[in-house]
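Asks: Sharing upload-v4.cif here; it has mmCIF, C-alpha atoms and all ligand atoms.
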data_data
loop_
_atom_site.label_atom_id
_atom_site.label_comp_id
_atom_site.auth_asym_id
_atom_site.auth_seq_id
_atom_site.Cartn_x
_atom_site.Cartn_y
_atom_site.Cartn_z
CA MET A 1 93.02 103.42 134.70
CA ASP A 2 89.24 103.66 134.80
CA PRO A 3 87.57 106.26 132.62
CA VAL A 4 86.09 109.25 134.41
CA THR A 5 82.32 108.89 134.50
CA PRO A 6 80.01 111.91 134.50
CA ALA A 7 79.31 111.12 138.15
CA ARG A 8 82.99 111.84 138.86
CA LEU A 9 83.00 115.02 136.77
CA SER A 10 82.56 118.37 138.48
CA LEU A 11 81.47 121.62 136.86
CA ASN A 12 83.46 124.68 137.84
CA THR A 13 80.91 127.44 137.35
CA ALA A 14 83.46 129.60 135.50
CA THR A 15 82.95 127.26 132.54
CA VAL A 16 79.46 128.67 131.87
CA ARG A 17 79.69 131.86 133.88
CA GLU A 18 78.41 134.09 131.08
CA GLN A 19 75.37 131.89 130.43
CA TRP A 20 74.09 130.59 133.77
CA ASN A 21 73.58 131.61 137.36
CA LEU A 22 74.31 129.12 140.14
CA ARG A 23 70.81 127.65 140.23
CA GLU A 24 70.99 126.98 136.48
CA CYS A 25 74.44 125.42 136.92
CA ILE A 26 73.12 123.09 139.62
CA GLU A 27 70.08 122.08 137.59
CA GLY A 28 72.28 121.69 134.48
CA CYS A 29 74.64 119.32 136.30
CA ALA A 30 71.72 117.20 137.40
CA ARG A 31 70.34 117.10 133.84
CA HIS A 32 73.67 115.95 132.41
CA GLY A 33 74.44 113.44 135.16
CA ILE A 34 77.41 115.52 136.37
CA GLY A 35 78.07 114.65 140.00
CA GLY A 36 80.00 117.65 141.28
CA ILE A 37 80.02 121.41 141.28
CA SER A 38 82.57 124.03 142.22
CA PRO A 39 81.01 127.47 142.57
CA TRP A 40 82.74 130.81 142.34
CA ARG A 41 81.91 133.19 145.15
CA ASP A 42 80.27 135.83 142.95
CA LYS A 43 77.72 133.26 141.75
CA LEU A 44 77.30 132.07 145.31
CA ALA A 45 76.67 135.59 146.63
CA GLU A 46 74.07 136.19 143.94
CA CYS A 47 72.21 132.99 144.87
CA GLY A 48 72.66 133.25 148.64
CA VAL A 49 74.67 130.69 150.59
CA ASP A 50 71.72 129.00 152.33
CA GLU A 51 69.70 128.70 149.13
CA ALA A 52 72.75 127.36 147.28
CA ALA A 53 73.42 124.76 149.98
CA ARG A 54 69.78 123.65 149.81
CA LEU A 55 69.74 123.41 145.99
CA ILE A 56 73.03 121.52 145.90
CA ALA A 57 71.82 119.03 148.51
CA ASP A 58 68.45 118.61 146.75
CA HIS A 59 70.27 117.68 143.54
CA GLY A 60 72.71 115.36 145.28
CA LEU A 61 75.85 117.16 144.08
CA THR A 62 79.28 117.07 145.71
CA VAL A 63 80.92 120.47 146.17
CA THR A 64 84.45 119.73 145.00
CA GLY A 65 85.76 123.14 146.00
CA LEU A 66 84.84 126.76 146.55
CA CYS A 67 86.59 129.29 144.29
CA ARG A 68 88.22 131.10 145.75
CA GLY A 69 90.15 132.52 148.67
CA GLY A 70 93.68 133.81 148.74
CA LEU A 71 94.98 137.05 147.20
CA PHE A 72 96.97 137.62 150.38
CA PRO A 73 99.73 140.16 149.54
CA ALA A 74 98.94 143.82 150.14
CA ALA A 75 100.89 147.05 150.39
CA ASP A 76 100.11 147.62 154.08
CA ALA A 77 98.79 145.98 157.24
CA ALA A 78 95.24 147.22 156.65
CA GLY A 79 95.23 145.60 153.22
CA ARG A 80 96.52 142.33 154.63
CA GLN A 81 93.85 142.38 157.33
CA ALA A 82 91.12 143.06 154.76
CA ALA A 83 92.36 140.08 152.75
CA LEU A 84 92.32 137.87 155.82
CA ASP A 85 88.80 139.02 156.74
CA ASP A 86 87.58 138.17 153.27
CA ASN A 87 89.26 134.77 153.48
CA ARG A 88 87.46 134.11 156.77
CA ARG A 89 84.17 134.80 154.99
CA ALA A 90 85.17 132.45 152.16
CA LEU A 91 85.99 129.81 154.75
CA ASP A 92 82.56 130.18 156.35
CA GLU A 93 80.94 129.84 152.92
CA ALA A 94 82.95 126.70 152.13
CA LEU A 95 81.83 125.22 155.46
CA ALA A 96 78.20 126.12 154.82
CA LEU A 97 78.35 124.33 151.46
CA GLY A 98 80.21 121.31 152.82
CA ALA A 99 82.89 121.91 150.19
CA ARG A 100 85.75 119.44 149.97
CA CYS A 101 88.22 122.33 150.05
CA LEU A 102 88.62 126.07 149.76
CA ILE A 103 90.72 126.90 146.72
CA LEU A 104 93.45 129.47 147.34
CA VAL A 105 94.95 131.59 144.58
CA ALA A 106 97.96 133.21 146.20
CA GLY A 107 97.82 136.76 144.90
CA GLY A 108 100.53 138.71 143.11
CA LEU A 109 102.67 141.74 143.77
CA PRO A 110 101.16 144.59 145.76
CA GLU A 111 100.78 147.81 143.79
CA GLY A 112 104.17 149.39 143.15
CA SER A 113 106.18 146.45 144.51
CA LYS A 114 108.98 144.64 142.71
CA ASP A 115 109.68 142.32 145.62
CA ILE A 116 108.30 138.92 144.67
CA ALA A 117 110.10 137.23 147.57
CA ASP A 118 108.21 139.50 149.96
CA ALA A 119 104.92 138.74 148.18
CA ARG A 120 105.63 135.03 148.61
CA ALA A 121 106.39 135.51 152.29
CA GLN A 122 103.08 137.36 152.67
CA VAL A 123 101.30 134.43 151.03
CA ARG A 124 102.87 132.01 153.51
CA ASP A 125 101.91 134.22 156.46
CA GLY A 126 98.39 134.76 155.10
CA ILE A 127 97.76 131.04 154.72
CA ALA A 128 99.18 130.43 158.19
CA ALA A 129 96.74 132.97 159.66
CA LEU A 130 93.81 131.45 157.78
CA LEU A 131 94.84 127.96 158.89
CA ASP A 132 94.30 128.99 162.50
CA HIS A 133 90.59 129.06 161.61
CA ALA A 134 90.42 126.44 158.88
CA ARG A 135 92.19 123.68 160.78
CA PRO A 136 89.86 123.53 163.80
CA ALA A 137 86.86 123.86 161.46
CA GLY A 138 88.11 120.90 159.40
CA MET A 139 88.13 122.74 156.08
CA PRO A 140 91.16 121.84 153.92
CA LEU A 141 92.86 124.73 152.14
CA ALA A 142 94.00 123.93 148.59
CA ILE A 143 96.86 126.00 147.22
CA GLU A 144 96.50 126.21 143.45
CA PRO A 145 99.73 127.11 141.69
CA LEU A 146 99.08 129.30 138.65
CA HIS A 147 101.10 129.42 135.44
CA PRO A 148 104.07 131.80 135.82
CA MET A 149 102.51 134.26 133.34
CA TYR A 150 100.24 135.27 136.25
CA ALA A 151 103.04 135.77 138.78
CA ALA A 152 102.73 139.55 138.94
CA GLY A 153 99.00 139.99 138.91
CA ARG A 154 97.31 136.90 140.32
CA ALA A 155 99.54 134.35 141.93
CA CYS A 156 103.18 134.28 142.91
CA VAL A 157 102.90 130.55 143.68
CA ASN A 158 103.65 129.12 140.25
CA THR A 159 104.77 125.53 140.55
CA LEU A 160 103.59 122.48 142.38
CA LYS A 161 107.01 122.34 144.04
CA GLN A 162 106.42 125.77 145.56
CA ALA A 163 102.98 124.69 146.75
CA ASN A 164 104.39 121.49 148.26
CA ASP A 165 107.14 123.47 149.98
CA LEU A 166 104.45 125.72 151.49
CA CYS A 167 102.57 122.66 152.69
CA ASP A 168 105.76 121.36 154.32
CA ALA A 169 106.24 124.69 156.06
CA LEU A 170 102.62 125.08 157.18
CA GLY A 171 101.75 121.57 158.34
CA GLN A 172 98.35 119.92 158.64
CA GLY A 173 95.24 121.29 156.98
CA VAL A 174 96.70 122.56 153.74
CA GLY A 175 97.11 120.78 150.40
CA VAL A 176 97.20 121.51 146.70
CA ALA A 177 94.92 121.82 143.70
CA VAL A 178 96.42 120.53 140.46
CA ASP A 179 95.08 122.43 137.45
CA VAL A 180 96.50 121.00 134.23
CA TYR A 181 96.30 124.40 132.54
CA HIS A 182 98.80 125.85 134.97
CA VAL A 183 101.22 122.98 135.51
CA TRP A 184 101.21 120.76 132.42
CA TRP A 185 104.55 122.16 131.17
CA ASP A 186 106.47 121.53 134.40
CA PRO A 187 109.24 118.92 134.04
CA GLU A 188 108.92 118.17 137.76
CA LEU A 189 105.17 117.64 137.67
CA GLU A 190 105.12 113.87 138.04
CA TYR A 191 107.59 113.97 140.91
CA GLU A 192 105.71 116.75 142.70
CA ILE A 193 102.32 115.02 142.33
CA LEU A 194 103.80 111.89 143.91
CA ARG A 195 105.44 114.04 146.56
CA ALA A 196 102.09 115.67 147.39
CA GLY A 197 100.51 112.25 147.85
CA LYS A 198 96.99 111.24 148.70
CA ASP A 199 96.50 113.52 151.70
CA ARG A 200 97.56 116.72 149.96
CA LEU A 201 95.95 116.20 146.55
CA LEU A 202 92.66 117.99 147.14
CA ALA A 203 91.45 118.87 143.64
CA PHE A 204 92.12 118.14 139.98
CA HIS A 205 91.12 120.83 137.45
CA VAL A 206 90.97 120.06 133.75
CA CYS A 207 90.74 121.97 130.47
CA ASP A 208 93.31 122.21 127.66
CA TRP A 209 96.13 124.47 126.52
CA LEU A 210 95.44 125.76 123.02
CA GLU A 211 98.30 126.37 120.64
CA PRO A 212 98.29 129.19 119.80
CA THR A 213 96.67 130.75 122.86
CA ARG A 214 95.14 134.10 121.96
CA ASP A 215 94.46 135.51 125.42
CA MET A 216 96.37 134.74 128.59
CA LEU A 217 93.25 134.55 130.72
CA LEU A 218 90.20 133.86 128.61
CA ASP A 219 91.29 131.39 125.94
CA ARG A 220 91.37 128.02 127.62
CA GLY A 221 90.47 125.01 125.56
CA MET A 222 88.03 122.14 125.92
CA MET A 223 89.66 118.84 126.80
CA GLY A 224 90.94 117.26 123.60
CA ASP A 225 91.38 120.53 121.69
CA GLY A 226 94.90 121.33 122.84
CA VAL A 227 98.30 119.92 123.69
CA VAL A 228 97.91 118.62 127.25
CA ASP A 229 98.11 114.86 127.80
CA ILE A 230 95.49 114.93 130.53
CA PRO A 231 95.20 111.12 130.99
CA ARG A 232 98.91 110.96 131.67
CA ILE A 233 98.61 113.58 134.42
CA ARG A 234 95.51 111.89 135.82
CA GLY A 235 97.50 108.65 135.87
CA TRP A 236 100.09 110.36 138.08
CA MET A 237 97.31 111.69 140.32
CA GLU A 238 95.83 108.22 140.70
CA ALA A 239 99.24 106.61 141.25
CA ALA A 240 99.64 109.10 144.11
CA GLY A 241 96.30 108.01 145.58
CA TYR A 242 93.90 110.67 144.25
CA HIS A 243 90.60 109.16 143.15
CA GLY A 244 88.40 112.22 143.44
CA PHE A 245 86.61 114.32 140.86
CA ALA A 246 87.92 115.82 137.65
CA GLU A 247 86.68 119.41 137.70
CA VAL A 248 86.28 121.12 134.36
CA GLU A 249 87.24 124.80 134.47
CA ILE A 250 87.28 126.63 131.15
CA PHE A 251 87.59 130.39 130.76
CA SER A 252 86.78 130.93 127.10
CA ALA A 253 85.39 134.31 126.10
CA GLU A 254 85.33 133.70 122.35
CA THR A 255 84.29 130.05 122.15
CA TRP A 256 82.64 128.26 125.05
CA TRP A 257 81.05 131.28 126.72
CA LYS A 258 79.29 131.98 123.43
CA LYS A 259 77.64 128.57 123.12
CA PRO A 260 74.42 127.43 124.78
CA ALA A 261 75.40 126.14 128.20
CA ASP A 262 73.66 122.79 127.72
CA GLU A 263 75.85 122.24 124.65
CA VAL A 264 78.95 123.09 126.72
CA LEU A 265 78.01 120.58 129.42
CA ALA A 266 77.18 117.88 126.85
CA THR A 267 80.60 118.47 125.25
CA CYS A 268 82.37 118.22 128.62
CA VAL A 269 80.73 114.83 129.16
CA GLU A 270 81.60 113.66 125.61
CA ARG A 271 85.21 114.73 126.09
CA LEU A 272 85.72 112.67 129.22
CA SER A 273 87.62 110.24 126.98
CA PHE A 274 90.35 112.91 126.87
CA VAL A 275 90.54 113.19 130.67
ZN ZN A 301 91.80 125.81 138.51
#
Step by step, read the file and then write its structure as structure tokens.
Replies:
Amino acid sequence: MDPVTPARLSLNTATVREQWNLRECIEGCARHGIGGISPWRDKLAECGVDEAARLIADHGLTVTGLCRGGLFPAADAAGRQAALDDNRRALDEALALGARCLILVAGGLPEGSKDIADARAQVRDGIAALLDHARPAGMPLAIEPLHPMYAAGRACVNTLKQANDLCDALGQGVGVAVDVYHVWWDPELEYEILRAGKDRLLAFHVCDWLEPTRDMLLDRGMMGDGVVDIPRIRGWMEAAGYHGFAEVEIFSAETWWKKPADEVLATCVERLSFV
């Protein structure tokens, strides 16, 4: 397996979201030889989509994904429509940036609901409705399963098997994003990565799982600092035909968000030996 070079590394802007705006992220990637970027929509809105597209092109970066669409379940029809409208805007932004995919985080239980099966059905229907627009536009939708600790609040799609089953049900135009933080523990991971195969594997997100983890959202580790055997998972991705970017995505309120962003990017590049 070839090592990941900085040119095949992508910066998810969440990694330095407290330090840098999108322009600084783009310029930082160029400075560190990092070849890809994956913006979050709040950073994108701040910068402006046209300006962001221009800056990204000027610096020769690949947009490995736009974060994020999804959050489909809602308590009523108006809520579901609002979610779909926002997803249409996200789709337009992904197209304007020439992103490789639009990342979808499913969404959790609507307020007051205890019906996770219904939430999951709403996710399926929401993606199907968005696909009607994404498919003709040629923008792949990447379902990112999230660790089950987020099932209530953020995402009721929690395993790669679930995401693959959704892809089977929905047909062309939808694939998966494999984020090691969310799926590293899954005994079926290797099988499900191979099942997804080249066409469905749209993104590969890396960071590490710290033991102990002090916060369920904001305590992700830098590659090499935790318990995830990332090269093994990347080996499965490559065996399945994925040869795209490794995108570093670290939410770390107490550690990495407190360091100078240039130091964070330099560390990401140094730690590629753990990817
Ligand atoms: Zn991710």
Asks: So which residues touch A:Trp20 within 10 Å, counting all atoms listed in the file, skipping near sequence neighbours fewer than 6 positions away, as a list in words?
Replies: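 With the cut-off at 10 Å, the set is Thr13, Ala14, Ile26, Gly28, Lys43, Trp257, Pro260, Ala261 and Asp262 of chain A.
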Asks: Hey, which residues come within 8 Å of ligand ZN 301 (chain A) if we count only C-alpha atoms and all ligand atoms? Could you give them as a ChimeraX atom specification?
Replies: /A:144,177-182,204-206,249
Asks: Please enclose the listed atoms of stretch 220-228 of chain A in an axis-aligned box, pad each side by 8 Å, and write out the centre and the three edge lengths in Å, rounded to one decimal, as AutoDock Vina command-line options.
Replies:
--center_x 93.2 --center_y 122.6 --center_z 124.7 --size_x 26.3 --size_y 26.8 --size_z 21.9
Asks: Of the candidates A:Ala78, A:Trp185, A:Glu270, A:Leu217, which one gets nearest to A:Ile230 if we count all atoms listed in the file?
Replies: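 Residue with the minimum atom-to-atom distance to A:Ile230: A:Trp185.
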Asks: Please list as a list in words every residue within 9 Å of A:Leu104, counting all atoms listed in the file and excluding residues in the same chain fewer than 5 positions away.
Replies: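 The contact residues come out as Cys67, Arg68, Gly69, Gly70, Leu71, Ile127, Leu141, Ala142, Ile143, Glu144, Pro145, Val176 and Ala177 of chain A.
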Asks: Please list, as a PDB file with C-alpha atoms, in the frame of the given file, the residues that have an atom at most 10 Å away from (87.0, 132.3, 124.0) in the coordinates of this file, counting only C-alpha atoms.
Replies:
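Output (result04.pdb):
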ATOM      1  CA  THR A 213      96.670 130.750 122.860  1.00  0.00           C
ATOM      2  CA  ARG A 214      95.140 134.100 121.960  1.00  0.00           C
ATOM      3  CA  ASP A 215      94.460 135.510 125.420  1.00  0.00           C
ATOM      4  CA  LEU A 217      93.250 134.550 130.720  1.00  0.00           C
ATOM      5  CA  LEU A 218      90.200 133.860 128.610  1.00  0.00           C
ATOM      6  CA  ASP A 219      91.290 131.390 125.940  1.00  0.00           C
ATOM      7  CA  ARG A 220      91.370 128.020 127.620  1.00  0.00           C
ATOM      8  CA  GLY A 221      90.470 125.010 125.560  1.00  0.00           C
ATOM      9  CA  ILE A 250      87.280 126.630 131.150  1.00  0.00           C
ATOM     10  CA  PHE A 251      87.590 130.390 130.760  1.00  0.00           C
ATOM     11  CA  SER A 252      86.780 130.930 127.100  1.00  0.00           C
ATOM     12  CA  ALA A 253      85.390 134.310 126.100  1.00  0.00           C
ATOM     13  CA  GLU A 254      85.330 133.700 122.350  1.00  0.00           C
ATOM     14  CA  THR A 255      84.290 130.050 122.150  1.00  0.00           C
ATOM     15  CA  TRP A 256      82.640 128.260 125.050  1.00  0.00           C
ATOM     16  CA  TRP A 257      81.050 131.280 126.720  1.00  0.00           C
ATOM     17  CA  LYS A 258      79.290 131.980 123.430  1.00  0.00           C
TER      18      LYS A 258
END
Asks: Measure the distance from atom CA of A:Lys161 to atom CA of A:His147 in Å and round it to one decimal.
Replies: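 Those two atoms sit 12.6 Å apart.
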Asks: Could you please give me, as a ChimeraX atom specification, the residues of protein, DNA or RNA lying at most 6 Å from (81.7, 126.9, 138.8) in the coordinate frame of the file, considering only C-alpha atoms?
Replies: /A:11-14,38-40
Asks: With C-alpha atoms retained, write the just-selected residues as an mmCIF file, in the frame of the given file.
Replies:
data_model
loop_
_atom_site.group_PDB
_atom_site.id
_atom_site.type_symbol
_atom_site.label_atom_id
_atom_site.label_comp_id
_atom_site.auth_asym_id
_atom_site.auth_seq_id
_atom_site.Cartn_x
_atom_site.Cartn_y
_atom_site.Cartn_z
ATOM 1 C CA LEU A 11 81.470 121.620 136.860
ATOM 2 C CA ASN A 12 83.460 124.680 137.840
ATOM 3 C CA THR A 13 80.910 127.440 137.350
ATOM 4 C CA ALA A 14 83.460 129.600 135.500
ATOM 5 C CA SER A 38 82.570 124.030 142.220
ATOM 6 C CA PRO A 39 81.010 127.470 142.570
ATOM 7 C CA TRP A 40 82.740 130.810 142.340
#
Asks: So how far away is atom CA of A:Pro140 from atom CA of A:Val174, in Å?
Replies: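 Distance between the two atoms: 5.6 Å.
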Asks: Measure the distance from atom CA of A:Asp42 to atom CA of A:Arg80 in Å and round it to one decimal.
Replies: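 Taking atom CA of A:Asp42 and atom CA of A:Arg80, their separation equals 21.0 Å.
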Asks: Taking all atoms listed in the file into account, name the residue in A:Leu265, A:Ala129, A:Leu272, A:Cys207 that is nearest to A:Asp85.
Replies: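 Among the listed residues, the smallest separation from A:Asp85 belongs to A:Ala129.
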Asks: Which one of A:Ala7, A:Ala45, A:Val275, A:Met237 sits closest to A:Cys29 if you count all atoms listed in the file?
Replies: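 The closest residue to A:Cys29 is A:Ala7.
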Asks: With all atoms listed in the file as the atoms that count, which of A:Ala119, A:Ile56, A:Ala128, A:Cys47 lies nearest to A:Gly153?
Replies: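 The shortest atom-to-atom distance to A:Gly153 comes from A:Ala119.
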Asks: Write out N, CA and C atoms for stretch 172-192 of chain A, as a PDB file, in the frame of the given file.
Replies:
ATOM      1  N   GLN A 172      99.671 120.503 158.892  1.00  0.00           N
ATOM      2  CA  GLN A 172      98.350 119.920 158.640  1.00  0.00           C
ATOM      3  C   GLN A 172      97.322 120.941 158.148  1.00  0.00           C
ATOM      4  N   GLY A 173      96.388 120.460 157.338  1.00  0.00           N
ATOM      5  CA  GLY A 173      95.240 121.290 156.980  1.00  0.00           C
ATOM      6  C   GLY A 173      95.368 122.005 155.654  1.00  0.00           C
ATOM      7  N   VAL A 174      96.521 121.873 155.013  1.00  0.00           N
ATOM      8  CA  VAL A 174      96.700 122.560 153.740  1.00  0.00           C
ATOM      9  C   VAL A 174      97.223 121.565 152.708  1.00  0.00           C
ATOM     10  N   GLY A 175      96.702 121.669 151.488  1.00  0.00           N
ATOM     11  CA  GLY A 175      97.110 120.780 150.400  1.00  0.00           C
ATOM     12  C   GLY A 175      97.184 121.569 149.104  1.00  0.00           C
ATOM     13  N   VAL A 176      97.020 120.855 147.997  1.00  0.00           N
ATOM     14  CA  VAL A 176      97.200 121.510 146.700  1.00  0.00           C
ATOM     15  C   VAL A 176      96.034 121.181 145.767  1.00  0.00           C
ATOM     16  N   ALA A 177      95.814 122.086 144.819  1.00  0.00           N
ATOM     17  CA  ALA A 177      94.920 121.820 143.700  1.00  0.00           C
ATOM     18  C   ALA A 177      95.782 121.770 142.449  1.00  0.00           C
ATOM     19  N   VAL A 178      95.637 120.699 141.684  1.00  0.00           N
ATOM     20  CA  VAL A 178      96.420 120.530 140.460  1.00  0.00           C
ATOM     21  C   VAL A 178      95.522 120.886 139.279  1.00  0.00           C
ATOM     22  N   ASP A 179      95.833 122.006 138.627  1.00  0.00           N
ATOM     23  CA  ASP A 179      95.080 122.430 137.450  1.00  0.00           C
ATOM     24  C   ASP A 179      95.997 122.237 136.239  1.00  0.00           C
ATOM     25  N   VAL A 180      95.605 121.348 135.344  1.00  0.00           N
ATOM     26  CA  VAL A 180      96.500 121.000 134.230  1.00  0.00           C
ATOM     27  C   VAL A 180      96.881 122.219 133.402  1.00  0.00           C
ATOM     28  N   TYR A 181      95.998 123.199 133.329  1.00  0.00           N
ATOM     29  CA  TYR A 181      96.300 124.400 132.540  1.00  0.00           C
ATOM     30  C   TYR A 181      97.546 125.109 133.052  1.00  0.00           C
ATOM     31  N   HIS A 182      97.712 125.094 134.355  1.00  0.00           N
ATOM     32  CA  HIS A 182      98.800 125.850 134.970  1.00  0.00           C
ATOM     33  C   HIS A 182     100.098 125.070 135.090  1.00  0.00           C
ATOM     34  N   VAL A 183     100.028 123.759 135.156  1.00  0.00           N
ATOM     35  CA  VAL A 183     101.220 122.980 135.510  1.00  0.00           C
ATOM     36  C   VAL A 183     101.655 121.945 134.478  1.00  0.00           C
ATOM     37  N   TRP A 184     100.943 121.845 133.371  1.00  0.00           N
ATOM     38  CA  TRP A 184     101.210 120.760 132.420  1.00  0.00           C
ATOM     39  C   TRP A 184     102.636 120.776 131.865  1.00  0.00           C
ATOM     40  N   TRP A 185     103.240 121.957 131.797  1.00  0.00           N
ATOM     41  CA  TRP A 185     104.550 122.160 131.170  1.00  0.00           C
ATOM     42  C   TRP A 185     105.709 121.813 132.095  1.00  0.00           C
ATOM     43  N   ASP A 186     105.429 121.580 133.372  1.00  0.00           N
ATOM     44  CA  ASP A 186     106.470 121.530 134.400  1.00  0.00           C
ATOM     45  C   ASP A 186     107.203 120.190 134.362  1.00  0.00           C
ATOM     46  N   PRO A 187     108.515 120.202 134.098  1.00  0.00           N
ATOM     47  CA  PRO A 187     109.240 118.920 134.040  1.00  0.00           C
ATOM     48  C   PRO A 187     109.247 118.161 135.365  1.00  0.00           C
ATOM     49  N   GLU A 188     108.936 118.842 136.457  1.00  0.00           N
ATOM     50  CA  GLU A 188     108.920 118.170 137.760  1.00  0.00           C
ATOM     51  C   GLU A 188     107.518 117.753 138.202  1.00  0.00           C
ATOM     52  N   LEU A 189     106.560 117.852 137.268  1.00  0.00           N
ATOM     53  CA  LEU A 189     105.170 117.640 137.670  1.00  0.00           C
ATOM     54  C   LEU A 189     104.908 116.241 138.246  1.00  0.00           C
ATOM     55  N   GLU A 190     105.375 115.230 137.564  1.00  0.00           N
ATOM     56  CA  GLU A 190     105.120 113.870 138.040  1.00  0.00           C
ATOM     57  C   GLU A 190     105.694 113.689 139.454  1.00  0.00           C
ATOM     58  N   TYR A 191     106.933 114.110 139.600  1.00  0.00           N
ATOM     59  CA  TYR A 191     107.590 113.970 140.910  1.00  0.00           C
ATOM     60  C   TYR A 191     106.810 114.710 142.004  1.00  0.00           C
ATOM     61  N   GLU A 192     106.369 115.926 141.677  1.00  0.00           N
ATOM     62  CA  GLU A 192     105.710 116.750 142.700  1.00  0.00           C
ATOM     63  C   GLU A 192     104.297 116.244 143.030  1.00  0.00           C
TER      64      GLU A 192
END
